[in-house]
$ cat entry-v8.csv   # CSV, C-alpha atoms
chain,number,residue,atom,x,y,z
A,18,MET,CA,-34.9,7.4,-0.2
A,19,PRO,CA,-34.4,8.4,-3.9
A,20,SER,CA,-34.3,4.7,-4.9
A,21,ASP,CA,-35.0,1.3,-3.4
A,22,LEU,CA,-31.7,-0.2,-4.7
A,23,MET,CA,-28.5,0.7,-3.0
A,24,LEU,CA,-24.9,-0.3,-3.9
A,25,VAL,CA,-22.9,-1.3,-0.9
A,26,GLY,CA,-19.2,-2.1,-0.5
A,27,ASP,CA,-16.8,-3.4,2.0
A,28,VAL,CA,-13.2,-2.4,1.1
A,29,GLY,CA,-10.6,-3.8,3.5
A,30,GLY,CA,-6.9,-4.4,3.7
A,31,THR,CA,-7.1,-7.7,1.7
A,32,HIS,CA,-10.4,-8.0,-0.1
A,33,SER,CA,-13.1,-5.7,-1.6
A,34,ARG,CA,-16.7,-6.9,-1.7
A,35,PHE,CA,-19.6,-5.2,-3.5
A,36,ALA,CA,-23.3,-6.0,-3.7
A,37,THR,CA,-26.7,-4.4,-4.0
A,38,ILE,CA,-29.5,-4.3,-1.4
A,39,ALA,CA,-33.2,-3.5,-2.1
A,40,VAL,CA,-33.8,-1.5,1.1
A,41,THR,CA,-37.6,-1.3,0.6
A,42,GLU,CA,-38.0,-5.1,0.8
A,43,ALA,CA,-38.1,-7.1,4.0
A,44,PRO,CA,-36.1,-9.0,4.9
A,45,TRP,CA,-33.2,-7.3,3.1
A,46,ALA,CA,-31.6,-9.5,0.5
A,47,VAL,CA,-28.0,-9.1,-0.6
A,48,SER,CA,-27.8,-9.5,-4.4
A,49,HIS,CA,-25.2,-9.2,-7.2
A,50,ARG,CA,-22.5,-10.0,-4.6
A,51,LEU,CA,-18.9,-10.1,-5.9
A,52,GLU,CA,-15.5,-10.3,-4.1
A,53,LEU,CA,-12.6,-8.7,-5.8
A,54,THR,CA,-9.1,-9.6,-4.7
A,55,THR,CA,-7.2,-7.8,-7.4
A,56,ASP,CA,-5.2,-4.8,-6.2
A,57,PHE,CA,-7.0,-2.1,-8.0
A,58,PRO,CA,-5.3,1.3,-8.2
A,59,ASP,CA,-8.4,3.2,-7.0
A,60,LEU,CA,-12.1,2.6,-6.0
A,61,PRO,CA,-13.5,3.7,-9.4
A,62,ALA,CA,-11.5,1.0,-11.1
A,63,ALA,CA,-12.8,-1.6,-8.7
A,64,LEU,CA,-16.4,-0.3,-9.2
A,65,ARG,CA,-16.0,-0.5,-13.0
A,66,ALA,CA,-14.9,-4.1,-12.7
A,67,TYR,CA,-17.8,-4.9,-10.4
A,68,LEU,CA,-20.4,-3.4,-12.7
A,69,ASP,CA,-18.9,-5.2,-15.7
A,70,ARG,CA,-19.1,-8.5,-13.9
A,71,SER,CA,-22.2,-8.2,-11.8
A,72,GLY,CA,-24.9,-8.1,-14.5
A,73,LEU,CA,-26.4,-4.9,-13.2
A,74,ASP,CA,-28.3,-3.1,-16.0
A,75,ARG,CA,-27.9,0.4,-14.4
A,76,ILE,CA,-25.9,2.2,-11.7
A,77,PRO,CA,-27.9,2.5,-8.5
A,78,GLU,CA,-28.7,6.0,-7.4
A,79,CYS,CA,-27.1,5.5,-4.0
A,80,ALA,CA,-23.9,4.0,-2.8
A,81,VAL,CA,-22.4,3.4,0.7
A,82,ILE,CA,-18.8,2.2,0.9
A,83,ALA,CA,-17.5,0.8,4.2
A,84,ALA,CA,-13.7,1.2,4.3
A,85,ALA,CA,-11.1,-0.1,6.8
A,86,GLY,CA,-9.8,3.2,8.1
A,87,PRO,CA,-10.8,6.4,9.8
A,88,VAL,CA,-13.1,8.6,7.7
A,89,THR,CA,-12.5,12.4,7.7
A,90,ALA,CA,-14.3,15.0,5.6
A,91,GLY,CA,-15.5,12.5,3.1
A,92,LYS,CA,-12.1,10.8,2.6
A,93,VAL,CA,-10.4,7.7,4.0
A,94,ASN,CA,-6.9,6.3,3.7
A,95,LEU,CA,-7.0,2.6,4.4
A,96,THR,CA,-5.0,1.7,7.5
A,97,ASN,CA,-3.5,-1.5,6.2
A,98,ARG,CA,-3.5,-0.8,2.4
A,99,ALA,CA,-2.1,2.0,0.3
A,100,LEU,CA,-5.5,3.2,-1.0
A,101,GLU,CA,-7.4,6.5,-0.7
A,102,ILE,CA,-11.1,6.6,-1.2
A,103,ARG,CA,-13.1,9.8,-1.6
A,104,ALA,CA,-16.8,10.3,-1.6
A,105,ALA,CA,-16.4,12.9,-4.4
A,106,ASP,CA,-15.1,10.1,-6.6
A,107,LEU,CA,-18.3,8.2,-6.1
A,108,LEU,CA,-20.4,11.2,-7.2
A,109,HIS,CA,-18.2,11.6,-10.3
A,110,PHE,CA,-18.6,8.0,-11.0
A,111,GLY,CA,-22.4,8.5,-11.4
A,112,PHE,CA,-24.1,7.9,-8.1
A,113,GLU,CA,-26.7,10.5,-7.1
A,114,ARG,CA,-25.8,10.1,-3.4
A,115,ALA,CA,-22.8,8.6,-1.8
A,116,LYS,CA,-21.5,8.0,1.7
A,117,LEU,CA,-18.2,6.7,3.1
A,118,ILE,CA,-18.3,5.0,6.5
A,119,ASN,CA,-15.7,3.1,8.6
A,120,ASP,CA,-16.1,-0.6,8.1
A,121,PHE,CA,-16.6,-1.3,11.8
A,122,ALA,CA,-19.1,1.5,12.1
A,123,ALA,CA,-21.0,-0.3,9.3
A,124,LEU,CA,-20.7,-3.6,11.3
A,125,ALA,CA,-22.1,-1.7,14.4
A,126,PHE,CA,-25.0,-0.5,12.3
A,127,ALA,CA,-25.8,-4.2,11.6
A,128,ALA,CA,-25.5,-5.2,15.2
A,129,ASP,CA,-29.2,-5.0,16.2
A,130,ARG,CA,-30.4,-6.2,12.8
A,131,LEU,CA,-28.7,-9.6,13.1
A,132,GLY,CA,-30.8,-12.6,14.2
A,133,ALA,CA,-30.3,-16.0,15.6
A,134,ASN,CA,-29.2,-17.4,12.3
A,135,ASP,CA,-26.5,-14.7,12.0
A,136,LEU,CA,-24.9,-15.2,15.4
A,137,HIS,CA,-23.4,-17.9,17.5
A,138,THR,CA,-23.1,-17.5,21.3
A,139,ILE,CA,-19.7,-17.8,22.8
A,140,GLY,CA,-19.9,-18.6,26.5
A,141,PRO,CA,-23.1,-18.6,28.5
A,142,SER,CA,-26.5,-17.8,27.0
A,143,VAL,CA,-27.3,-14.5,28.7
A,144,GLU,CA,-29.6,-11.8,27.4
A,145,GLY,CA,-28.2,-8.3,27.0
A,146,LEU,CA,-30.2,-5.3,28.2
A,147,PRO,CA,-32.5,-3.9,25.4
A,148,GLY,CA,-31.5,-0.4,24.1
A,149,GLN,CA,-28.1,-0.5,25.7
A,150,PRO,CA,-24.8,-0.1,23.8
A,151,ILE,CA,-23.4,-3.0,21.8
A,152,SER,CA,-19.7,-3.3,21.2
A,153,VAL,CA,-18.2,-4.8,18.1
A,154,ILE,CA,-14.6,-6.1,17.9
A,155,GLY,CA,-13.0,-8.1,15.1
A,156,PRO,CA,-9.5,-9.3,14.3
A,157,GLY,CA,-8.7,-9.6,10.6
A,158,THR,CA,-6.1,-7.8,8.5
A,159,GLY,CA,-6.2,-5.3,11.4
A,160,LEU,CA,-8.3,-5.0,14.6
A,161,GLY,CA,-11.6,-3.2,14.3
A,162,VAL,CA,-13.6,-1.8,17.2
A,163,SER,CA,-16.9,0.1,17.2
A,164,CYS,CA,-20.1,0.6,19.1
A,165,LEU,CA,-23.8,1.0,18.5
A,166,VAL,CA,-25.8,3.3,20.7
A,167,HIS,CA,-29.4,4.6,20.5
A,168,GLU,CA,-30.5,8.1,21.1
A,169,SER,CA,-34.1,9.3,20.9
A,170,GLY,CA,-35.1,6.3,18.8
A,171,ARG,CA,-32.2,6.7,16.4
A,172,ALA,CA,-29.3,4.3,15.9
A,173,ILE,CA,-25.8,5.9,16.0
A,174,ALA,CA,-22.7,3.9,15.1
A,175,LEU,CA,-19.5,5.1,16.6
A,176,ALA,CA,-16.3,4.3,14.7
A,177,THR,CA,-13.2,4.1,16.9
A,178,GLU,CA,-9.5,3.4,16.6
A,179,GLY,CA,-9.7,1.0,19.6
A,180,GLY,CA,-7.6,-1.5,17.8
A,181,HIS,CA,-4.6,0.7,18.5
A,182,ILE,CA,-4.9,0.9,22.3
A,183,SER,CA,-1.9,-0.4,24.2
A,184,PHE,CA,-1.7,-4.1,25.0
A,185,ALA,CA,-2.1,-4.8,28.7
A,186,PRO,CA,-0.8,-8.2,29.7
A,187,THR,CA,-2.7,-10.1,32.4
A,188,ASP,CA,-0.2,-12.9,33.4
A,189,ASP,CA,3.5,-13.7,33.3
A,190,GLN,CA,3.3,-15.4,29.9
A,191,GLN,CA,1.7,-12.3,28.4
A,192,MET,CA,4.2,-10.1,30.1
A,193,ALA,CA,7.0,-12.0,28.4
A,194,VAL,CA,5.1,-11.7,25.1
A,195,LEU,CA,4.9,-7.9,25.6
A,196,SER,CA,8.6,-7.7,26.4
A,197,THR,CA,9.6,-9.6,23.3
A,198,LEU,CA,7.3,-7.6,21.0
A,199,GLU,CA,8.5,-4.3,22.4
A,200,GLN,CA,11.9,-5.1,21.0
A,201,ARG,CA,10.4,-5.3,17.6
A,202,PHE,CA,7.6,-2.7,17.6
A,203,GLY,CA,8.5,-0.3,20.4
A,204,ARG,CA,5.0,0.4,21.6
A,205,VAL,CA,2.8,-2.7,21.4
A,206,SER,CA,-0.9,-2.2,20.5
A,207,VAL,CA,-3.5,-4.9,20.7
A,208,GLU,CA,-3.6,-4.9,16.9
A,209,HIS,CA,0.0,-6.2,17.0
A,210,ILE,CA,-1.4,-9.4,18.4
A,211,LEU,CA,-5.1,-9.5,17.4
A,212,SER,CA,-4.7,-9.6,13.6
A,213,GLY,CA,-3.4,-11.8,11.0
A,214,HIS,CA,0.1,-10.5,11.3
A,215,GLY,CA,-0.3,-10.5,15.1
A,216,LEU,CA,-1.2,-14.2,15.0
A,217,GLN,CA,2.1,-14.8,13.2
A,218,ALA,CA,4.0,-12.7,15.7
A,219,LEU,CA,2.5,-14.6,18.6
A,220,HIS,CA,3.4,-17.9,17.0
A,221,ARG,CA,6.9,-16.8,16.3
A,222,THR,CA,7.3,-15.5,19.9
A,223,LEU,CA,6.0,-18.7,21.6
A,224,GLU,CA,8.2,-20.9,19.4
A,225,GLY,CA,11.1,-18.7,20.6
A,226,PHE,CA,10.1,-19.3,24.2
A,227,ALA,CA,10.1,-23.0,23.6
A,228,GLY,CA,13.6,-22.9,22.0
A,229,ARG,CA,12.3,-24.4,18.7
A,230,PRO,CA,13.5,-23.3,15.3
A,231,HIS,CA,10.8,-21.2,13.8
A,232,HIS,CA,9.3,-21.9,10.4
A,233,GLU,CA,7.2,-18.9,9.2
A,234,LEU,CA,3.6,-19.9,8.7
A,235,SER,CA,0.7,-17.8,7.3
A,236,PRO,CA,-2.2,-17.0,9.6
A,237,GLU,CA,-4.3,-19.5,7.7
A,238,GLU,CA,-1.7,-22.2,8.2
A,239,ILE,CA,-1.5,-21.5,11.9
A,240,SER,CA,-5.3,-21.7,12.3
A,241,ALA,CA,-5.5,-24.9,10.2
A,242,ALA,CA,-2.7,-26.6,12.1
A,243,ALA,CA,-4.4,-25.6,15.4
A,244,LEU,CA,-7.7,-27.1,14.2
A,245,SER,CA,-5.8,-30.3,13.3
A,246,GLY,CA,-4.3,-30.6,16.8
A,247,ASP,CA,-0.8,-29.3,16.3
A,248,ALA,CA,0.4,-28.4,19.8
A,249,ALA,CA,2.4,-25.3,19.0
A,250,SER,CA,-0.3,-23.8,16.8
A,251,LEU,CA,-3.0,-24.7,19.3
A,252,ALA,CA,-1.1,-22.9,22.1
A,253,THR,CA,-0.8,-19.9,19.8
A,254,VAL,CA,-4.5,-19.8,19.0
A,255,SER,CA,-5.5,-20.4,22.7
A,256,LEU,CA,-3.4,-17.4,23.8
A,257,PHE,CA,-4.8,-15.3,20.9
A,258,CYS,CA,-8.3,-16.1,22.1
A,259,SER,CA,-7.5,-15.4,25.7
A,260,ILE,CA,-6.1,-12.0,24.8
A,261,LEU,CA,-9.1,-11.3,22.5
A,262,GLY,CA,-11.4,-12.1,25.4
A,263,ALA,CA,-9.5,-9.7,27.8
A,264,VAL,CA,-9.5,-6.9,25.2
A,265,ALA,CA,-13.2,-7.4,24.4
A,266,GLY,CA,-14.0,-7.2,28.1
A,267,ASP,CA,-12.0,-3.9,28.3
A,268,ILE,CA,-13.9,-2.5,25.3
A,269,ALA,CA,-17.2,-3.6,26.9
A,270,LEU,CA,-16.3,-1.7,30.1
A,271,ALA,CA,-15.3,1.4,28.1
A,272,HIS,CA,-18.5,1.4,26.1
A,273,GLY,CA,-20.8,0.3,28.8
A,274,ALA,CA,-21.9,-2.5,26.4
A,275,ARG,CA,-24.6,-4.0,28.4
A,276,GLY,CA,-26.4,-4.9,25.2
A,277,GLY,CA,-23.7,-7.3,24.3
A,278,VAL,CA,-20.4,-7.7,22.5
A,279,LEU,CA,-20.2,-9.0,18.9
A,280,ILE,CA,-17.1,-10.6,17.4
A,281,GLY,CA,-16.5,-9.9,13.7
A,282,GLY,CA,-13.5,-9.9,11.4
A,283,GLY,CA,-12.1,-12.7,9.3
A,284,ILE,CA,-10.2,-14.7,11.8
A,285,ALA,CA,-12.7,-15.7,14.6
A,286,PRO,CA,-15.2,-17.5,12.4
A,287,LYS,CA,-12.5,-19.7,11.0
A,288,ILE,CA,-11.4,-20.9,14.5
A,289,GLU,CA,-14.9,-21.0,16.0
A,290,ARG,CA,-14.5,-24.5,17.5
A,291,LEU,CA,-11.3,-23.4,19.2
A,292,LEU,CA,-12.8,-20.2,20.4
A,293,HIS,CA,-15.6,-22.1,22.2
A,294,ALA,CA,-13.0,-24.2,24.0
A,295,SER,CA,-10.5,-21.4,24.7
A,296,PRO,CA,-10.1,-19.1,27.7
A,297,PHE,CA,-11.9,-16.3,25.8
A,298,ARG,CA,-15.0,-16.1,28.0
A,299,ALA,CA,-13.0,-16.5,31.3
A,300,ALA,CA,-10.7,-13.7,30.2
A,301,PHE,CA,-13.7,-11.6,29.2
A,302,GLU,CA,-15.3,-11.9,32.6
A,303,ARG,CA,-12.0,-11.6,34.7
A,304,LYS,CA,-12.4,-8.0,35.6
A,305,GLY,CA,-12.0,-8.0,39.4
A,306,ARG,CA,-14.9,-6.3,41.2
A,307,MET,CA,-16.6,-5.7,37.8
A,308,SER,CA,-16.8,-9.5,37.1
A,309,PRO,CA,-20.5,-9.7,38.0
A,310,TYR,CA,-21.2,-6.8,35.5
A,311,MET,CA,-19.3,-8.7,32.8
A,312,GLN,CA,-21.1,-12.0,33.5
A,313,ALA,CA,-24.4,-10.4,32.4
A,314,ILE,CA,-23.0,-9.3,29.0
A,315,PRO,CA,-23.5,-11.8,26.1
A,316,THR,CA,-20.7,-12.4,23.7
A,317,LYS,CA,-21.6,-13.6,20.2
A,318,LEU,CA,-19.7,-14.4,17.0
A,319,ILE,CA,-21.0,-12.9,13.8
A,320,ILE,CA,-21.3,-15.7,11.2
A,321,ASN,CA,-23.2,-13.8,8.5
A,322,PRO,CA,-20.5,-12.8,5.9
A,323,ASP,CA,-22.8,-10.0,4.7
A,324,ALA,CA,-23.1,-8.2,8.0
A,325,THR,CA,-20.9,-5.3,7.0
A,326,LEU,CA,-22.8,-4.8,3.7
A,327,ILE,CA,-26.1,-4.9,5.6
A,328,GLY,CA,-24.8,-2.3,8.1
A,329,ALA,CA,-23.6,-0.1,5.2
A,330,ALA,CA,-27.1,-0.1,3.7
A,331,ARG,CA,-28.6,0.8,7.1
A,332,ALA,CA,-26.1,3.7,7.3
A,333,GLY,CA,-27.5,5.0,4.0
A,334,LEU,CA,-31.0,4.5,5.1
A,335,GLU,CA,-30.4,6.4,8.3
A,336,ALA,CA,-28.9,9.3,6.4
A,337,TRP,CA,-31.4,9.5,3.5
A,338,SER,CA,-34.7,8.4,4.8
A,339,PRO,CA,-37.5,10.8,5.6
A,340,GLY,CA,-36.7,12.5,8.9
A,341,ALA,CA,-33.0,12.8,8.3
A,342,ASP,CA,-32.0,16.4,8.3
A,343,SER,CA,-30.5,16.4,4.8
A,344,ALA,CA,-28.3,14.5,2.5
A,345,SER,CA,-25.2,16.4,3.7
A,346,GLN,CA,-26.0,15.7,7.4
A,347,PRO,CA,-23.5,13.4,9.1
A,348,LEU,CA,-25.0,10.5,11.0
A,349,ALA,CA,-23.4,11.6,14.3
A,350,PRO,CA,-22.1,14.8,15.9
A,351,PRO,CA,-18.9,16.2,14.4
A,352,MET,CA,-16.8,15.1,17.4
A,353,THR,CA,-17.1,11.4,16.3
A,354,THR,CA,-14.8,9.9,13.6
A,355,ARG,CA,-17.8,9.1,11.4
A,356,ALA,CA,-17.8,10.4,7.8
A,357,GLY,CA,-20.2,13.0,6.5
A,358,THR,CA,-22.6,12.2,3.7
A,359,VAL,CA,-22.3,14.0,0.4
A,360,GLY,CA,-24.9,14.5,-2.4
A,361,ARG,CA,-24.7,15.6,-6.0
A,362,GLN,CA,-24.6,19.4,-6.2
A,363,GLN,CA,-27.5,20.9,-8.0

$ encode --input "entry-v8.csv" --output "structure tokens"
Amino acid sequence: MPSDLMLVGDVGGTHSRFATIAVTEAPWAVSHRLELTTDFPDLPAALRAYLDRSGLDRIPECAVIAAAGPVTAGKVNLTNRALEIRAADLLHFGFERAKLINDFAALAFAADRLGANDLHTIGPSVEGLPGQPISVIGPGTGLGVSCLVHESGRAIALATEGGHISFAPTDDQQMAVLSTLEQRFGRVSVEHILSGHGLQALHRTLEGFAGRPHHELSPEEISAAALSGDAASLATVSLFCSILGAVAGDIALAHGARGGVLIGGGIAPKIERLLHASPFRAAFERKGRMSPYMQAIPTKLIINPDATLIGAARAGLEAWSPGADSASQPLAPPMTTRAGTVGRQQ
């Protein structure tokens, strides 16, 4: 590592968070943390605002930015926000080394660094198999999906676009939901349901089934009403959790995630009490002859709000620590959707 201090960022569809982590200290401490909600025109403008407000006396040599979109050739266009981020802009800004990574790949990098204080078990307390893949899924502005695997003692985070797989209903009510949403969206992906906008669409659909006049509520209002016992909102959140469980189970099967499944994103922590009481775990395990396989996989909610930042720092450490091939070496083979690392040209 050229320096012990790393600037890390988490740039999503709604918020942008930045902080520093001293990666030579144990345990890692997240410092100079700021969340910016202003719609900045580009990443350099957001970084300038962060540095002005953070109190940092110098620009760290290294930066890793986790962004909510697929990263290709050192560039990412955010999926749910009109913003392009380029690694080259970070170098021009003044960092010696810079890396872009998908936000859920960063969250996957944090998966096996999180302890008991960072996670809450959803469902039975079972132990995942050591060294086996860990899946991460998280509804927020969109739906993120990723996976952490280990190869020859090295952690590899796989970014995916699993949030855009097709919605597969599992009962008559969900079939009716699919039919209704198809009229609006055409093809219905799981992100059309498991996201903030999806929660609204689900609430609107169920209200239509009940023949009640619909009053548009924000995702936060739906969640708050459900937590307060409102029957219509509670039904919406319960169905949301059931579908989340079924999709998380499908992702676990696809990844062979016998190390566990972690739930991230901005929505699940806010409805944790309802998530515990919901059909989430039953839907997760309901996989026919594969149900015994599913019953042995732990499901846990990420409650550490800095998990993505921690994972971003680990991505940089994996790329730039002694033993990594070079600063321009990607963290995974080119066939993955992970971003390459770039360094200042000499």

$ closest_residue --input "entry-v8.csv" --among "A:Ala300, A:Leu216, A:Ile280, A:Ala336" --to "A:Thr138" --atoms "all atoms listed in the file"
A:Ile280

$ closest_residue --input "entry-v8.csv" --among "A:Ala122, A:Val47, A:Ile139, A:Ile268" --to "A:Ala172" --atoms "all atoms listed in the file"
A:Ala122

$ closest_residue --input "entry-v8.csv" --among "A:Phe301, A:Phe110, A:Phe184, A:Phe202" --to "A:Glu78" --atoms "all atoms listed in the file"
A:Phe110

$ closest_residue --input "entry-v8.csv" --among "A:Leu107, A:Ile38, A:Ala265, A:Leu136" --to "A:Arg303" --atoms "only C-alpha atoms"
A:Ala265

$ residues_near_point --input "entry-v8.csv" --point "(-12.5, -6.9, 33.6)" --cutoff "9 Å" --atoms "only C-alpha atoms" --output "MDAnalysis selection string"
chainID A and resid 263:264 266:267 269:270 300:308 310:311

$ write_last_selection --input "entry-v8.csv" --atoms "C-alpha atoms" --output "PDB file, keeping the file's coordinate frame"
ATOM      1  CA  ALA A 263      -9.500  -9.700  27.800  1.00  0.00           C
ATOM      2  CA  VAL A 264      -9.500  -6.900  25.200  1.00  0.00           C
ATOM      3  CA  GLY A 266     -14.000  -7.200  28.100  1.00  0.00           C
ATOM      4  CA  ASP A 267     -12.000  -3.900  28.300  1.00  0.00           C
ATOM      5  CA  ALA A 269     -17.200  -3.600  26.900  1.00  0.00           C
ATOM      6  CA  LEU A 270     -16.300  -1.700  30.100  1.00  0.00           C
ATOM      7  CA  ALA A 300     -10.700 -13.700  30.200  1.00  0.00           C
ATOM      8  CA  PHE A 301     -13.700 -11.600  29.200  1.00  0.00           C
ATOM      9  CA  GLU A 302     -15.300 -11.900  32.600  1.00  0.00           C
ATOM     10  CA  ARG A 303     -12.000 -11.600  34.700  1.00  0.00           C
ATOM     11  CA  LYS A 304     -12.400  -8.000  35.600  1.00  0.00           C
ATOM     12  CA  GLY A 305     -12.000  -8.000  39.400  1.00  0.00           C
ATOM     13  CA  ARG A 306     -14.900  -6.300  41.200  1.00  0.00           C
ATOM     14  CA  MET A 307     -16.600  -5.700  37.800  1.00  0.00           C
ATOM     15  CA  SER A 308     -16.800  -9.500  37.100  1.00  0.00           C
ATOM     16  CA  TYR A 310     -21.200  -6.800  35.500  1.00  0.00           C
ATOM     17  CA  MET A 311     -19.300  -8.700  32.800  1.00  0.00           C
TER      18      MET A 311
END

$ residues_near_point --input "entry-v8.csv" --point "(-9.7, -6.5, -5.2)" --cutoff "8 Å" --atoms "only C-alpha atoms" --output "list of chain:residue names"
A:Thr31, A:His32, A:Ser33, A:Arg34, A:Glu52, A:Leu53, A:Thr54, A:Thr55, A:Asp56, A:Phe57, A:Ala63

$ residues_around --input "entry-v8.csv" --residues "A:Ala174" --least-positions-apart "3" --cutoff "8 Å" --atoms "all atoms listed in the file" --output "PyMOL selection string"
chain A and resi 122-123+125-126+163-166+349

$ atom_distance --input "entry-v8.csv" --atom1 "atom CA of A:Ser235" --atom2 "atom CA of A:Glu289"
18.1 Å

$ closest_atom_pairs --input "entry-v8.csv" --of "stretch 129-188 of chain A" --to "stretch 241-260 of chain A" --cutoff "12 Å" --atoms "only C-alpha atoms" --output "JSON lines"
{"residue": "A:Ile139", "atom": "CA", "partner": "A:Cys258", "partner_atom": "CA", "distance": 11.5}
{"residue": "A:Gly155", "atom": "CA", "partner": "A:Cys258", "partner_atom": "CA", "distance": 11.6}
{"residue": "A:Pro156", "atom": "CA", "partner": "A:Phe257", "partner_atom": "CA", "distance": 10.1}
{"residue": "A:Phe184", "atom": "CA", "partner": "A:Ile260", "partner_atom": "CA", "distance": 9.0}
{"residue": "A:Ala185", "atom": "CA", "partner": "A:Ile260", "partner_atom": "CA", "distance": 9.1}
{"residue": "A:Pro186", "atom": "CA", "partner": "A:Ile260", "partner_atom": "CA", "distance": 8.2}
{"residue": "A:Thr187", "atom": "CA", "partner": "A:Ile260", "partner_atom": "CA", "distance": 8.5}
{"residue": "A:Asp188", "atom": "CA", "partner": "A:Ile260", "partner_atom": "CA", "distance": 10.5}

$ atom_distance --input "entry-v8.csv" --atom1 "atom CA of A:Thr197" --atom2 "atom CA of A:Gly213"
18.0 Å

$ residues_around --input "entry-v8.csv" --residues "A:Leu198" --least-positions-apart "5" --cutoff "9 Å" --atoms "only C-alpha atoms" --output "PyMOL selection string"
chain A and resi 193+203-205+209+218-219+222

$ closest_residue --input "entry-v8.csv" --among "A:Gln200, A:Ser295, A:Ile118, A:Val194" --to "A:Glu224" --atoms "all atoms listed in the file"
A:Val194

$ atom_distance --input "entry-v8.csv" --atom1 "atom CA of A:Arg70" --atom2 "atom CA of A:Leu334"
25.9 Å

$ residues_around --input "entry-v8.csv" --residues "A:Gly277" --least-positions-apart "2" --cutoff "10 Å" --atoms "only C-alpha atoms" --output "list in words"
Ala128, Val143, Glu144, Gly145, Leu146, Pro147, Gln149, Pro150, Ile151, Ser152, Val153, Ala269, Gly273, Ala274, Arg275, Leu279, Met311, Ala313, Ile314, Pro315, Thr316 and Lys317 of chain A

$ closest_residue --input "entry-v8.csv" --among "A:Ser48, A:Thr158, A:Thr325, A:Asn119" --to "A:Gly86" --atoms "only C-alpha atoms"
A:Asn119

$ decode --input "entry-v8.csv" --residues "stretch 172-184 of chain A" --atoms "N, CA and C atoms" --output "PDB file, in the first residue's frame"
ATOM      1  N   ALA A 172      -9.849 -13.434  -1.681  1.00  0.00           N
ATOM      2  CA  ALA A 172     -11.266 -13.106  -1.779  1.00  0.00           C
ATOM      3  C   ALA A 172     -11.556 -12.480  -3.134  1.00  0.00           C
ATOM      4  N   ILE A 173     -12.620 -12.937  -3.767  1.00  0.00           N
ATOM      5  CA  ILE A 173     -13.044 -12.407  -5.059  1.00  0.00           C
ATOM      6  C   ILE A 173     -14.518 -12.047  -4.961  1.00  0.00           C
ATOM      7  N   ALA A 174     -14.836 -10.784  -5.198  1.00  0.00           N
ATOM      8  CA  ALA A 174     -16.224 -10.321  -5.165  1.00  0.00           C
ATOM      9  C   ALA A 174     -16.754 -10.248  -6.587  1.00  0.00           C
ATOM     10  N   LEU A 175     -17.895 -10.865  -6.806  1.00  0.00           N
ATOM     11  CA  LEU A 175     -18.496 -10.901  -8.131  1.00  0.00           C
ATOM     12  C   LEU A 175     -19.689  -9.955  -8.175  1.00  0.00           C
ATOM     13  N   ALA A 176     -19.577  -8.912  -8.973  1.00  0.00           N
ATOM     14  CA  ALA A 176     -20.716  -8.028  -9.197  1.00  0.00           C
ATOM     15  C   ALA A 176     -21.638  -8.676 -10.212  1.00  0.00           C
ATOM     16  N   THR A 177     -22.929  -8.539 -10.017  1.00  0.00           N
ATOM     17  CA  THR A 177     -23.890  -9.104 -10.954  1.00  0.00           C
ATOM     18  C   THR A 177     -24.999  -8.091 -11.219  1.00  0.00           C
ATOM     19  N   GLU A 178     -25.826  -8.378 -12.186  1.00  0.00           N
ATOM     20  CA  GLU A 178     -27.051  -7.616 -12.425  1.00  0.00           C
ATOM     21  C   GLU A 178     -28.251  -8.500 -12.094  1.00  0.00           C
ATOM     22  N   GLY A 179     -28.109  -9.270 -11.007  1.00  0.00           N
ATOM     23  CA  GLY A 179     -29.155 -10.187 -10.587  1.00  0.00           C
ATOM     24  C   GLY A 179     -30.453  -9.517 -10.202  1.00  0.00           C
ATOM     25  N   GLY A 180     -30.414  -8.219  -9.922  1.00  0.00           N
ATOM     26  CA  GLY A 180     -31.643  -7.512  -9.605  1.00  0.00           C
ATOM     27  C   GLY A 180     -32.589  -7.405 -10.780  1.00  0.00           C
ATOM     28  N   HIS A 181     -32.093  -7.708 -11.980  1.00  0.00           N
ATOM     29  CA  HIS A 181     -32.910  -7.558 -13.181  1.00  0.00           C
ATOM     30  C   HIS A 181     -33.366  -8.900 -13.751  1.00  0.00           C
ATOM     31  N   ILE A 182     -33.223  -9.984 -12.960  1.00  0.00           N
ATOM     32  CA  ILE A 182     -33.781 -11.258 -13.410  1.00  0.00           C
ATOM     33  C   ILE A 182     -35.305 -11.178 -13.370  1.00  0.00           C
ATOM     34  N   SER A 183     -35.960 -12.056 -14.100  1.00  0.00           N
ATOM     35  CA  SER A 183     -37.415 -12.015 -14.193  1.00  0.00           C
ATOM     36  C   SER A 183     -38.074 -12.443 -12.893  1.00  0.00           C
ATOM     37  N   PHE A 184     -39.159 -11.775 -12.561  1.00  0.00           N
ATOM     38  CA  PHE A 184     -39.945 -12.127 -11.383  1.00  0.00           C
ATOM     39  C   PHE A 184     -40.682 -13.438 -11.639  1.00  0.00           C
TER      40      PHE A 184
END
